[in-house]
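*Asks:* Structure: final_2.cif, mmCIF, C-alpha atoms and all ligand atoms.
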data_data
loop_
_atom_site.group_PDB
_atom_site.id
_atom_site.type_symbol
_atom_site.label_atom_id
_atom_site.label_comp_id
_atom_site.auth_asym_id
_atom_site.auth_seq_id
_atom_site.Cartn_x
_atom_site.Cartn_y
_atom_site.Cartn_z
ATOM 1 C CA MET A 1 0.000 0.000 0.000
ATOM 2 C CA LEU A 2 1.312 3.440 -0.957
ATOM 3 C CA LEU A 3 1.475 6.165 1.634
ATOM 4 C CA ILE A 4 0.663 9.662 0.360
ATOM 5 C CA HIS A 5 1.581 12.798 2.258
ATOM 6 C CA CYS A 6 -1.441 15.099 2.626
ATOM 7 C CA PRO A 7 -0.270 18.716 2.927
ATOM 8 C CA TYR A 8 -3.407 19.621 4.896
ATOM 9 C CA CYS A 9 -3.427 16.686 7.345
ATOM 10 C CA GLU A 10 0.366 17.068 7.529
ATOM 11 C CA GLU A 11 1.022 13.329 7.590
ATOM 12 C CA ASP A 12 1.337 10.238 5.428
ATOM 13 C CA ARG A 13 -1.948 8.449 4.874
ATOM 14 C CA SER A 14 -3.022 5.275 3.099
ATOM 15 C CA GLU A 15 -3.601 5.538 -0.655
ATOM 16 C CA LEU A 16 -7.106 4.128 -0.049
ATOM 17 C CA GLU A 17 -8.183 7.529 1.277
ATOM 18 C CA PHE A 18 -7.184 9.372 -1.923
ATOM 19 C CA ARG A 19 -8.546 9.896 -5.420
ATOM 20 C CA TRP A 20 -6.658 10.985 -8.513
ATOM 21 C CA ALA A 21 -8.062 14.194 -10.016
ATOM 22 C CA GLY A 22 -6.228 14.749 -13.300
ATOM 23 C CA GLU A 23 -3.390 16.898 -14.522
ATOM 24 C CA ALA A 24 -2.459 19.869 -12.342
ATOM 25 C CA HIS A 25 -1.842 23.486 -13.318
ATOM 26 C CA VAL A 26 -4.274 23.516 -16.239
ATOM 27 C CA VAL A 27 -5.185 27.192 -16.327
ATOM 28 C CA ARG A 28 -8.725 28.187 -17.275
ATOM 29 C CA PRO A 29 -8.652 30.844 -20.034
ATOM 30 C CA GLU A 30 -9.582 34.286 -18.742
ATOM 31 C CA ASN A 31 -12.200 34.908 -21.411
ATOM 32 C CA ILE A 32 -13.348 31.413 -22.317
ATOM 33 C CA ALA A 33 -16.084 32.682 -24.679
ATOM 34 C CA ALA A 34 -13.470 34.324 -26.900
ATOM 35 C CA ILE A 35 -11.230 31.309 -27.560
ATOM 36 C CA SER A 36 -11.386 29.133 -30.661
ATOM 37 C CA ASP A 37 -12.651 25.540 -30.719
ATOM 38 C CA GLU A 38 -9.061 24.300 -31.047
ATOM 39 C CA GLU A 39 -7.959 26.329 -28.027
ATOM 40 C CA PHE A 40 -10.969 25.040 -26.081
ATOM 41 C CA ALA A 41 -10.156 21.442 -26.979
ATOM 42 C CA GLU A 42 -6.572 22.030 -25.849
ATOM 43 C CA PHE A 43 -7.735 23.440 -22.514
ATOM 44 C CA PHE A 44 -10.651 21.100 -21.878
ATOM 45 C CA PHE A 45 -9.871 17.705 -23.406
ATOM 46 C CA LEU A 46 -6.194 17.337 -24.188
ATOM 47 C CA ARG A 47 -3.724 16.248 -21.528
ATOM 48 C CA ASN A 48 -0.016 15.568 -21.778
ATOM 49 C CA ASN A 49 -0.085 12.052 -20.270
ATOM 50 C CA GLU A 50 3.627 12.302 -19.467
ATOM 51 C CA LYS A 51 5.796 9.291 -18.883
ATOM 52 C CA GLY A 52 7.970 9.992 -15.868
ATOM 53 C CA LEU A 53 7.670 13.162 -13.833
ATOM 54 C CA THR A 54 4.139 14.516 -13.898
ATOM 55 C CA TYR A 55 2.199 17.083 -11.891
ATOM 56 C CA GLU A 56 -1.268 15.956 -10.843
ATOM 57 C CA ARG A 57 -4.166 16.979 -8.666
ATOM 58 C CA TRP A 58 -5.165 14.536 -5.965
ATOM 59 C CA ARG A 59 -7.942 14.677 -3.420
ATOM 60 C CA HIS A 60 -7.866 13.378 0.153
ATOM 61 C CA ILE A 61 -11.481 12.433 -0.319
ATOM 62 C CA HIS A 62 -11.860 10.073 2.661
ATOM 63 C CA GLY A 63 -9.802 12.323 4.955
ATOM 64 C CA CYS A 64 -9.807 16.109 5.040
ATOM 65 C CA GLY A 65 -11.598 16.281 1.688
ATOM 66 C CA ARG A 66 -9.072 18.714 0.189
ATOM 67 C CA PHE A 67 -7.645 18.838 -3.317
ATOM 68 C CA PHE A 68 -3.876 19.263 -3.472
ATOM 69 C CA ASN A 69 -1.067 18.950 -6.031
ATOM 70 C CA ALA A 70 1.441 16.145 -6.324
ATOM 71 C CA ALA A 71 4.597 15.565 -8.340
ATOM 72 C CA ARG A 72 4.620 11.890 -9.222
ATOM 73 C CA ASP A 73 6.730 9.558 -11.314
ATOM 74 C CA THR A 74 4.363 7.604 -13.553
ATOM 75 C CA VAL A 75 6.997 4.940 -14.240
ATOM 76 C CA SER A 76 7.717 3.993 -10.631
ATOM 77 C CA ASP A 77 4.417 5.279 -9.143
ATOM 78 C CA ARG A 78 6.546 7.129 -6.610
ATOM 79 C CA PHE A 79 5.196 10.351 -5.097
ATOM 80 C CA LEU A 80 8.052 12.872 -5.155
ATOM 81 C CA MET A 81 6.337 15.810 -3.468
ATOM 82 C CA THR A 82 2.890 17.114 -2.525
ATOM 83 C CA TYR A 83 1.856 20.709 -1.898
ATOM 84 C CA LYS A 84 -1.278 22.717 -1.273
ATOM 85 C CA ALA A 85 -3.753 23.618 -4.008
ATOM 86 C CA GLY A 86 -3.405 27.169 -5.315
ATOM 87 C CA LEU A 87 0.392 27.208 -5.101
ATOM 88 C CA PRO A 88 2.340 27.566 -8.358
ATOM 89 C CA LYS A 89 4.168 24.517 -9.753
ATOM 90 C CA GLN A 90 6.861 23.719 -7.195
ATOM 91 C CA PRO A 91 10.401 22.713 -8.188
ATOM 92 C CA LEU A 92 11.447 19.253 -7.026
ATOM 93 C CA PRO A 93 13.825 19.083 -4.092
ATOM 94 C CA VAL A 94 17.181 18.041 -5.600
ATOM 95 C CA ALA A 95 17.514 14.836 -3.572
ATOM 96 C CA GLU A 96 14.100 13.664 -4.717
ATOM 97 C CA LYS A 97 15.005 14.405 -8.316
ATOM 98 C CA PHE A 98 18.127 12.247 -8.200
ATOM 99 C CA ALA A 99 16.305 9.450 -6.412
ATOM 100 C CA ALA A 100 13.601 9.575 -9.072
ATOM 101 C CA ILE A 101 16.081 9.376 -11.937
ATOM 102 C CA ALA A 102 18.017 6.539 -10.280
ATOM 103 C CA GLU A 103 14.810 4.639 -9.666
ATOM 104 C CA GLU A 104 13.571 5.191 -13.180
ATOM 105 C CA LYS A 105 16.736 3.575 -14.554
ATOM 106 C CA SER A 106 16.270 0.548 -12.285
ATOM 107 C CA VAL A 107 12.581 0.018 -12.973
ATOM 108 C CA GLU A 108 11.856 -2.662 -15.536
ATOM 109 C CA THR A 109 9.527 -1.176 -18.100
ATOM 110 C CA TRP A 110 7.653 -3.028 -20.772
ATOM 111 C CA GLU A 111 9.712 -1.267 -23.455
ATOM 112 C CA GLN A 112 12.962 -2.509 -21.915
ATOM 113 C CA THR A 113 11.987 -6.125 -21.449
ATOM 114 C CA GLU A 114 9.314 -6.853 -24.032
ATOM 115 C CA GLY A 115 9.672 -3.988 -26.476
ATOM 116 C CA ASP A 116 11.377 -6.063 -29.176
ATOM 117 C CA ALA A 117 9.117 -9.069 -28.823
ATOM 118 C CA ARG A 118 7.580 -10.123 -32.100
ATOM 119 C CA MET B 1 -60.526 18.399 14.804
ATOM 120 C CA ALA B 2 -58.613 15.686 16.614
ATOM 121 C CA GLU B 3 -55.296 16.587 18.188
ATOM 122 C CA LEU B 4 -52.392 14.737 16.630
ATOM 123 C CA ASP B 5 -50.578 12.617 19.155
ATOM 124 C CA SER B 6 -46.953 13.742 19.056
ATOM 125 C CA ASN B 7 -45.833 10.250 20.082
ATOM 126 C CA ILE B 8 -47.470 8.633 17.096
ATOM 127 C CA ALA B 9 -44.082 7.702 15.652
ATOM 128 C CA THR B 10 -41.178 6.766 17.835
ATOM 129 C CA ARG B 11 -37.692 7.382 16.557
ATOM 130 C CA SER B 12 -35.249 4.532 17.126
ATOM 131 C CA LEU B 13 -31.550 4.218 16.400
ATOM 132 C CA PRO B 14 -30.554 2.171 13.342
ATOM 133 C CA LEU B 15 -28.575 -0.131 15.653
ATOM 134 C CA SER B 16 -31.082 0.006 18.478
ATOM 135 C CA GLY B 17 -30.794 -3.055 20.748
ATOM 136 C CA VAL B 18 -27.710 -4.412 18.987
ATOM 137 C CA HIS B 19 -24.669 -5.348 21.020
ATOM 138 C CA GLY B 20 -21.599 -7.401 20.391
ATOM 139 C CA GLY B 21 -17.899 -7.849 20.880
ATOM 140 C CA SER B 22 -15.595 -10.464 22.293
ATOM 141 C CA ALA B 23 -13.519 -11.142 25.398
ATOM 142 C CA ALA B 24 -11.254 -8.215 24.406
ATOM 143 C CA VAL B 25 -13.723 -5.651 23.068
ATOM 144 C CA ARG B 26 -17.196 -4.367 23.756
ATOM 145 C CA LEU B 27 -19.308 -2.998 20.868
ATOM 146 C CA GLU B 28 -22.422 -0.945 21.524
ATOM 147 C CA PRO B 29 -24.435 1.760 19.801
ATOM 148 C CA ALA B 30 -23.872 5.242 21.251
ATOM 149 C CA GLN B 31 -26.760 7.275 22.659
ATOM 150 C CA PRO B 32 -28.629 9.461 20.155
ATOM 151 C CA ALA B 33 -26.837 12.732 19.504
ATOM 152 C CA GLU B 34 -27.281 16.064 17.807
ATOM 153 C CA ARG B 35 -24.736 16.593 15.067
ATOM 154 C CA ILE B 36 -23.817 19.285 12.612
ATOM 155 C CA ASN B 37 -21.365 19.394 9.785
ATOM 156 C CA LEU B 38 -19.865 22.864 10.086
ATOM 157 C CA ARG B 39 -18.016 24.766 7.358
ATOM 158 C CA VAL B 40 -16.537 28.172 8.110
ATOM 159 C CA GLY B 41 -13.578 30.194 6.855
ATOM 160 C CA ALA B 42 -10.504 30.769 9.008
ATOM 161 C CA GLU B 43 -11.405 34.415 9.701
ATOM 162 C CA ASP B 44 -14.721 33.460 11.345
ATOM 163 C CA VAL B 45 -13.632 30.429 13.372
ATOM 164 C CA SER B 46 -13.438 32.446 16.596
ATOM 165 C CA ALA B 47 -16.997 33.782 16.111
ATOM 166 C CA LEU B 48 -18.317 30.224 15.676
ATOM 167 C CA SER B 49 -16.278 29.036 18.659
ATOM 168 C CA ALA B 50 -17.876 31.726 20.826
ATOM 169 C CA ALA B 51 -21.372 30.920 19.523
ATOM 170 C CA LEU B 52 -20.966 27.173 20.152
ATOM 171 C CA GLY B 53 -19.250 27.604 23.531
ATOM 172 C CA LEU B 54 -16.168 25.572 22.652
ATOM 173 C CA ASP B 55 -12.882 26.200 20.849
ATOM 174 C CA LEU B 56 -13.046 24.746 17.344
ATOM 175 C CA PRO B 57 -9.729 22.906 16.920
ATOM 176 C CA VAL B 58 -7.566 24.201 14.064
ATOM 177 C CA LYS B 59 -4.820 21.575 14.249
ATOM 178 C CA PRO B 60 -5.281 18.472 12.060
ATOM 179 C CA LYS B 61 -6.509 15.315 13.811
ATOM 180 C CA THR B 62 -7.512 17.118 17.038
ATOM 181 C CA SER B 63 -10.803 17.623 18.862
ATOM 182 C CA SER B 64 -12.102 19.728 21.719
ATOM 183 C CA SER B 65 -14.941 19.379 24.205
ATOM 184 C CA ALA B 66 -16.779 21.887 26.389
ATOM 185 C CA ASN B 67 -20.302 22.390 27.723
ATOM 186 C CA GLY B 68 -21.418 18.932 26.626
ATOM 187 C CA ARG B 69 -20.385 19.573 23.035
ATOM 188 C CA THR B 70 -17.505 18.023 21.113
ATOM 189 C CA ALA B 71 -15.926 19.420 17.926
ATOM 190 C CA LEU B 72 -13.773 17.277 15.636
ATOM 191 C CA TRP B 73 -11.352 18.722 13.067
ATOM 192 C CA ILE B 74 -12.306 17.139 9.741
ATOM 193 C CA GLY B 75 -10.563 19.485 7.303
ATOM 194 C CA PRO B 76 -9.061 22.993 7.232
ATOM 195 C CA ASP B 77 -12.542 24.575 7.135
ATOM 196 C CA GLU B 78 -14.711 21.657 8.229
ATOM 197 C CA TRP B 79 -15.776 20.277 11.621
ATOM 198 C CA LEU B 80 -18.122 17.624 12.964
ATOM 199 C CA VAL B 81 -19.789 18.923 16.127
ATOM 200 C CA PHE B 82 -21.931 16.648 18.262
ATOM 201 C CA ALA B 83 -23.802 16.921 21.551
ATOM 202 C CA ASP B 84 -26.171 14.837 23.622
ATOM 203 C CA GLY B 85 -29.756 15.013 22.441
ATOM 204 C CA GLY B 86 -31.011 14.440 18.947
ATOM 205 C CA GLY B 87 -34.325 12.847 19.921
ATOM 206 C CA SER B 88 -36.443 15.615 18.454
ATOM 207 C CA ILE B 89 -36.745 17.623 15.261
ATOM 208 C CA GLY B 90 -34.508 20.682 15.142
ATOM 209 C CA SER B 91 -31.067 21.153 16.536
ATOM 210 C CA SER B 92 -29.688 23.386 19.261
ATOM 211 C CA LEU B 93 -26.360 23.248 17.413
ATOM 212 C CA THR B 94 -27.665 24.838 14.192
ATOM 213 C CA GLN B 95 -29.383 27.509 16.310
ATOM 214 C CA ALA B 96 -26.214 28.188 18.278
ATOM 215 C CA ALA B 97 -24.189 28.405 15.041
ATOM 216 C CA ALA B 98 -26.762 30.777 13.523
ATOM 217 C CA SER B 99 -26.400 33.104 16.519
ATOM 218 C CA SER B 100 -22.795 33.765 15.458
ATOM 219 C CA ASN B 101 -24.087 36.127 12.717
ATOM 220 C CA VAL B 102 -21.139 35.328 10.440
ATOM 221 C CA VAL B 103 -21.141 33.473 7.133
ATOM 222 C CA HIS B 104 -20.987 29.725 7.676
ATOM 223 C CA SER B 105 -22.726 26.489 6.764
ATOM 224 C CA ALA B 106 -24.154 24.279 9.511
ATOM 225 C CA THR B 107 -25.929 21.194 8.223
ATOM 226 C CA ASP B 108 -27.965 19.146 10.656
ATOM 227 C CA ILE B 109 -26.738 15.557 10.286
ATOM 228 C CA SER B 110 -28.061 14.292 13.635
ATOM 229 C CA HIS B 111 -29.839 11.401 11.975
ATOM 230 C CA ARG B 112 -27.623 10.891 8.945
ATOM 231 C CA ASN B 113 -24.955 9.514 11.270
ATOM 232 C CA THR B 114 -25.105 7.039 14.051
ATOM 233 C CA ALA B 115 -22.236 6.068 16.332
ATOM 234 C CA ILE B 116 -20.725 2.861 17.647
ATOM 235 C CA LEU B 117 -18.635 2.769 20.811
ATOM 236 C CA VAL B 118 -15.669 0.392 20.716
ATOM 237 C CA SER B 119 -14.058 -0.216 24.098
ATOM 238 C CA GLY B 120 -11.688 -2.641 25.779
ATOM 239 C CA PRO B 121 -8.048 -3.701 25.531
ATOM 240 C CA GLY B 122 -8.550 -4.967 21.960
ATOM 241 C CA ALA B 123 -10.278 -1.796 20.698
ATOM 242 C CA ALA B 124 -7.421 -0.547 18.498
ATOM 243 C CA ALA B 125 -6.810 -4.031 17.059
ATOM 244 C CA THR B 126 -10.537 -4.341 16.299
ATOM 245 C CA LEU B 127 -10.549 -1.068 14.364
ATOM 246 C CA ASN B 128 -7.350 -1.961 12.546
ATOM 247 C CA ALA B 129 -9.223 -4.925 11.068
ATOM 248 C CA GLY B 130 -10.607 -2.407 8.582
ATOM 249 C CA CYS B 131 -8.781 0.879 9.183
ATOM 250 C CA ALA B 132 -5.264 1.683 7.991
ATOM 251 C CA LEU B 133 -4.575 4.485 10.501
ATOM 252 C CA ASP B 134 -1.749 4.079 12.997
ATOM 253 C CA LEU B 135 -3.746 3.836 16.249
ATOM 254 C CA SER B 136 -0.775 3.711 18.623
ATOM 255 C CA LEU B 137 -1.086 6.276 21.430
ATOM 256 C CA ASP B 138 1.860 8.228 19.981
ATOM 257 C CA ALA B 139 0.261 8.675 16.569
ATOM 258 C CA PHE B 140 -3.376 8.768 17.684
ATOM 259 C CA PRO B 141 -3.557 9.985 21.299
ATOM 260 C CA ILE B 142 -6.681 10.478 23.409
ATOM 261 C CA GLY B 143 -8.767 13.192 21.717
ATOM 262 C CA ALA B 144 -7.336 12.463 18.258
ATOM 263 C CA CYS B 145 -9.877 12.159 15.463
ATOM 264 C CA SER B 146 -9.994 11.708 11.722
ATOM 265 C CA ARG B 147 -12.268 10.989 8.839
ATOM 266 C CA THR B 148 -10.986 7.768 7.287
ATOM 267 C CA LEU B 149 -12.091 4.447 5.829
ATOM 268 C CA PHE B 150 -13.226 1.367 7.723
ATOM 269 C CA GLY B 151 -13.379 -1.473 5.238
ATOM 270 C CA LYS B 152 -15.460 -0.057 2.411
ATOM 271 C CA VAL B 153 -17.233 2.679 4.370
ATOM 272 C CA GLU B 154 -16.215 6.149 5.412
ATOM 273 C CA ILE B 155 -16.176 6.792 9.159
ATOM 274 C CA VAL B 156 -15.090 9.521 11.541
ATOM 275 C CA LEU B 157 -13.001 8.021 14.304
ATOM 276 C CA LEU B 158 -12.492 9.659 17.719
ATOM 277 C CA ARG B 159 -10.378 8.264 20.549
ATOM 278 C CA THR B 160 -12.164 9.164 23.804
ATOM 279 C CA ALA B 161 -9.906 7.165 26.142
ATOM 280 C CA GLU B 162 -6.856 4.930 25.869
ATOM 281 C CA ASN B 163 -9.030 1.917 25.057
ATOM 282 C CA THR B 164 -12.220 3.592 23.864
ATOM 283 C CA PHE B 165 -13.152 4.848 20.406
ATOM 284 C CA ARG B 166 -16.273 6.414 18.955
ATOM 285 C CA VAL B 167 -17.023 5.449 15.354
ATOM 286 C CA GLU B 168 -19.323 7.904 13.559
ATOM 287 C CA VAL B 169 -20.822 6.289 10.489
ATOM 288 C CA TRP B 170 -23.655 7.001 8.032
ATOM 289 C CA ARG B 171 -26.765 5.226 9.294
ATOM 290 C CA SER B 172 -27.248 3.155 6.135
ATOM 291 C CA PHE B 173 -23.670 1.861 6.502
ATOM 292 C CA SER B 174 -24.014 1.081 10.208
ATOM 293 C CA ASP B 175 -24.967 -2.580 9.728
ATOM 294 C CA TYR B 176 -21.852 -3.119 7.631
ATOM 295 C CA ALA B 177 -19.662 -1.217 10.104
ATOM 296 C CA PHE B 178 -21.052 -3.140 13.066
ATOM 297 C CA GLY B 179 -20.612 -6.445 11.236
ATOM 298 C CA LEU B 180 -16.994 -5.757 10.337
ATOM 299 C CA LEU B 181 -16.296 -4.507 13.867
ATOM 300 C CA SER B 182 -17.733 -7.789 15.190
ATOM 301 C CA GLU B 183 -15.334 -9.749 12.965
ATOM 302 C CA GLY B 184 -12.462 -7.546 14.140
ATOM 303 C CA ALA B 185 -13.484 -8.020 17.765
ATOM 304 C CA ARG B 186 -13.401 -11.778 17.346
ATOM 305 C CA ASP B 187 -9.918 -11.638 15.802
ATOM 306 C CA ALA B 188 -8.691 -9.229 18.495
ATOM 307 C CA ALA B 189 -9.554 -11.798 21.178
ATOM 308 C CA LEU B 190 -7.585 -14.637 19.586
HETATM 309 ZN ZN ZN C 201 -5.839 15.438 4.241
#
Please re-express this file's structure in structure tokens.

*Replies:*
Amino acid sequence: MLLIHCPYCEEDRSELEFRWAGEAHVVRPENIAAISDEEFAEFFFLRNNEKGLTYERWRHIHGCGRFFNAARDTVSDRFLMTYKAGLPKQPLPVAEKFAAIAEEKSVETWEQTEGDAR
Amino acid sequence: MAELDSNIATRSLPLSGVHGGSAAVRLEPAQPAERINLRVGAEDVSALSAALGLDLPVKPKTSSSANGRTALWIGPDEWLVFADGGGSIGSSLTQAAASSNVVHSATDISHRNTAILVSGPGAAATLNAGCALDLSLDAFPIGACSRTLFGKVEIVLLRTAENTFRVEVWRSFSDYAFGLLSEGARDAAL
């Protein structure tokens, strides 16, 4: 079971209490009526779906109920950092960044082991 | 015109008459209570505290009690407040909150929730049958509280004494919660 640090409860809690809530830092256009269909699609539907470091919103739905932001590695499923909603995108602490890169190299991905299978 | 008898319907607790446990734990429904879910911004917490006659806790996982009322920190702007009573329609807690004259939301949930008291030397082990919280006294001391999960249902857990917990649960989930607590109680006595 993963433990996730809730920045509002100020402690690590079981992943069972949390829900994923999509990509973080998607900014709503200031005048949404004025944007084109393509710009609306970009804002509303399209997400980056990054492999590796990604910034996401999570919600401590069965705890304090709050949304917050998390930096997570989608390859290792490791949470690198969480911080309160409303804050700008936070830089990763250096130690976490190195640990993430080291771990990413050691994680067996499908591309590494099965990618050439015919 | 005939007078309506006010006792025509008698309210009973969802777990009325139920009891259970094992050699290590006692399980029983708590007395009826008045309850509100309270939402208020940080700037008006002191006004609500004064109106309710107790200090709303602002530290995560803490509770406070005064004048027969208990307030549990649920989130940064959310509390569960309960008090003895709850037998009748209307709530002294919503009235007290309204007397604060500041913007807030106080929802009467007296009968949405019911509560189960879990007591005895195996109380923490019983709860840990379905709850992932660290219930050691260091991590969850007397007075600590949290909304969390117990098995598949959401509960609000409050430690009232070293070996006593109050489990607040939605009334329609109370059968499930009591059943899983009974299983946990059995295991805790092994
Ligand atoms: Zn939380």

*Asks:* As a quick test: using all atoms listed in the file, which residues lie no more than 10 Å away from ligand ZN 201 (chain C)? Give them as a PyMOL selection string.

*Replies:* (chain A and resi 4-13+17-18+59-68) or (chain B and resi 60-61+74-76+146-148)

*Asks:* Return as CSV the residues of chain B lying at most 12 Å from chain A, together with the closest atom-to-atom pair for each and the distance in Å to one decimal, counting only C-alpha atoms, with rows in chain order and ascending residue number.

*Replies:*
residue,atom,partner,partner_atom,distance
B:Val58,CA,A:Cys9,CA,10.9
B:Lys59,CA,A:Cys9,CA,8.6
B:Pro60,CA,A:Cys9,CA,5.4
B:Lys61,CA,A:Cys9,CA,7.3
B:Thr62,CA,A:Cys9,CA,10.5
B:Leu72,CA,A:Cys64,CA,11.4
B:Trp73,CA,A:Cys64,CA,8.6
B:Ile74,CA,A:Cys64,CA,5.4
B:Gly75,CA,A:Cys64,CA,4.1
B:Pro76,CA,A:Tyr8,CA,7.0
B:Asp77,CA,A:Cys64,CA,9.1
B:Glu78,CA,A:Cys64,CA,8.1
B:Trp79,CA,A:Cys64,CA,9.8
B:Leu80,CA,A:Cys64,CA,11.6
B:Gly130,CA,A:Leu16,CA,11.4
B:Cys131,CA,A:Ser14,CA,9.5
B:Ala132,CA,A:Ser14,CA,6.5
B:Leu133,CA,A:Arg13,CA,7.4
B:Asp134,CA,A:Arg13,CA,9.2
B:Ala139,CA,A:Glu11,CA,10.1
B:Phe140,CA,A:Glu11,CA,11.9
B:Cys145,CA,A:Gly63,CA,10.5
B:Ser146,CA,A:Gly63,CA,6.8
B:Arg147,CA,A:Gly63,CA,4.8
B:Thr148,CA,A:His62,CA,5.2
B:Leu149,CA,A:His62,CA,6.5
B:Phe150,CA,A:His62,CA,10.2
B:Gly151,CA,A:Leu16,CA,9.9
B:Lys152,CA,A:Leu16,CA,9.7
B:Val153,CA,A:His62,CA,9.3
B:Glu154,CA,A:His62,CA,6.5
B:Ile155,CA,A:His62,CA,8.5
B:Val156,CA,A:Gly63,CA,8.9
B:Leu157,CA,A:Gly63,CA,10.8

*Asks:* Output the residue selection produced by the PyMOL selection byres (((chain A and resi 54) around 7) and not hetatm) on the file above, formatted as a list in words.

*Replies:* Glu50, Gly52, Leu53, Tyr55, Glu56, Ala71, Arg72, Asp73 and Thr74 of chain A

*Asks:* Using all atoms listed in the file, which residue out of B:Ala98, B:Ala189, B:Ala42, B:Leu13 lies closest to Glu28 of chain B?

*Replies:*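 The shortest atom-to-atom distance to Glu28 of chain B comes from B:Leu13.
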
*Asks:* Figure out the distance between atom CA of Ala188 of chain B and atom CA of Ala124 of chain B, please, to one decimal in Å.

*Replies:*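 Taking atom CA of Ala124 of chain B and atom CA of Ala188 of chain B, their separation equals 8.8 Å.
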
*Asks:* One decimal, in Å: what's the spacing between atom CA of Leu180 of chain B and atom CA of Pro14 of chain B?

*Replies:*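 Computing it gives 16.0 Å between the two atoms.
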
*Asks:* Within 10 Å of (-5.7, 12.4, -11.6) (coordinates as in the file), grab all the protein and nucleic acid residues, counting only C-alpha atoms, and write them out as number ranges by chain.

*Replies:* A: 19-24, 55-59, 69-70

*Asks:* Quick one, how far is atom CA of Glu183 of chain B from atom CA of Glu162 of chain B?

*Replies:*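 Rounded to one decimal, the two atoms are 21.3 Å apart.
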
*Asks:* Complete the atom set of segment 122-138 of chain B to N, CA and C atoms and return it as a JSON list (two decimals), in the frame of the given file.

*Replies:*
[["chain", "number", "residue", "atom", "x", "y", "z"],
["B", 122, "GLY", "N", -8.75, -4.64, 23.37],
["B", 122, "GLY", "CA", -8.55, -4.97, 21.96],
["B", 122, "GLY", "C", -9.19, -3.96, 21.02],
["B", 123, "ALA", "N", -9.53, -2.77, 21.52],
["B", 123, "ALA", "CA", -10.28, -1.80, 20.70],
["B", 123, "ALA", "C", -9.50, -1.37, 19.46],
["B", 124, "ALA", "N", -8.22, -1.01, 19.64],
["B", 124, "ALA", "CA", -7.42, -0.55, 18.50],
["B", 124, "ALA", "C", -7.25, -1.68, 17.48],
["B", 125, "ALA", "N", -6.98, -2.89, 17.97],
["B", 125, "ALA", "CA", -6.81, -4.03, 17.06],
["B", 125, "ALA", "C", -8.10, -4.30, 16.30],
["B", 126, "THR", "N", -9.24, -4.14, 16.95],
["B", 126, "THR", "CA", -10.54, -4.34, 16.30],
["B", 126, "THR", "C", -10.71, -3.36, 15.15],
["B", 127, "LEU", "N", -10.40, -2.08, 15.41],
["B", 127, "LEU", "CA", -10.55, -1.07, 14.36],
["B", 127, "LEU", "C", -9.56, -1.30, 13.23],
["B", 128, "ASN", "N", -8.36, -1.74, 13.58],
["B", 128, "ASN", "CA", -7.35, -1.96, 12.55],
["B", 128, "ASN", "C", -7.69, -3.15, 11.64],
["B", 129, "ALA", "N", -8.74, -3.89, 11.98],
["B", 129, "ALA", "CA", -9.22, -4.92, 11.07],
["B", 129, "ALA", "C", -9.69, -4.30, 9.76],
["B", 130, "GLY", "N", -10.11, -3.03, 9.82],
["B", 130, "GLY", "CA", -10.61, -2.41, 8.58],
["B", 130, "GLY", "C", -10.13, -0.99, 8.38],
["B", 131, "CYS", "N", -9.20, -0.52, 9.22],
["B", 131, "CYS", "CA", -8.78, 0.88, 9.18],
["B", 131, "CYS", "C", -7.26, 0.95, 9.17],
["B", 132, "ALA", "N", -6.72, 1.68, 8.18],
["B", 132, "ALA", "CA", -5.26, 1.68, 7.99],
["B", 132, "ALA", "C", -4.53, 2.71, 8.86],
["B", 133, "LEU", "N", -5.24, 3.48, 9.67],
["B", 133, "LEU", "CA", -4.58, 4.49, 10.50],
["B", 133, "LEU", "C", -3.69, 3.82, 11.55],
["B", 134, "ASP", "N", -2.59, 4.50, 11.88],
["B", 134, "ASP", "CA", -1.75, 4.08, 13.00],
["B", 134, "ASP", "C", -2.47, 4.49, 14.28],
["B", 135, "LEU", "N", -2.96, 3.52, 15.05],
["B", 135, "LEU", "CA", -3.75, 3.84, 16.25],
["B", 135, "LEU", "C", -2.93, 3.69, 17.54],
["B", 136, "SER", "N", -1.59, 3.68, 17.41],
["B", 136, "SER", "CA", -0.78, 3.71, 18.62],
["B", 136, "SER", "C", -1.03, 5.03, 19.34],
["B", 137, "LEU", "N", -0.79, 5.06, 20.66],
["B", 137, "LEU", "CA", -1.09, 6.28, 21.43],
["B", 137, "LEU", "C", -0.21, 7.45, 21.00],
["B", 138, "ASP", "N", 0.99, 7.15, 20.47],
["B", 138, "ASP", "CA", 1.86, 8.23, 19.98],
["B", 138, "ASP", "C", 1.25, 8.92, 18.76]]
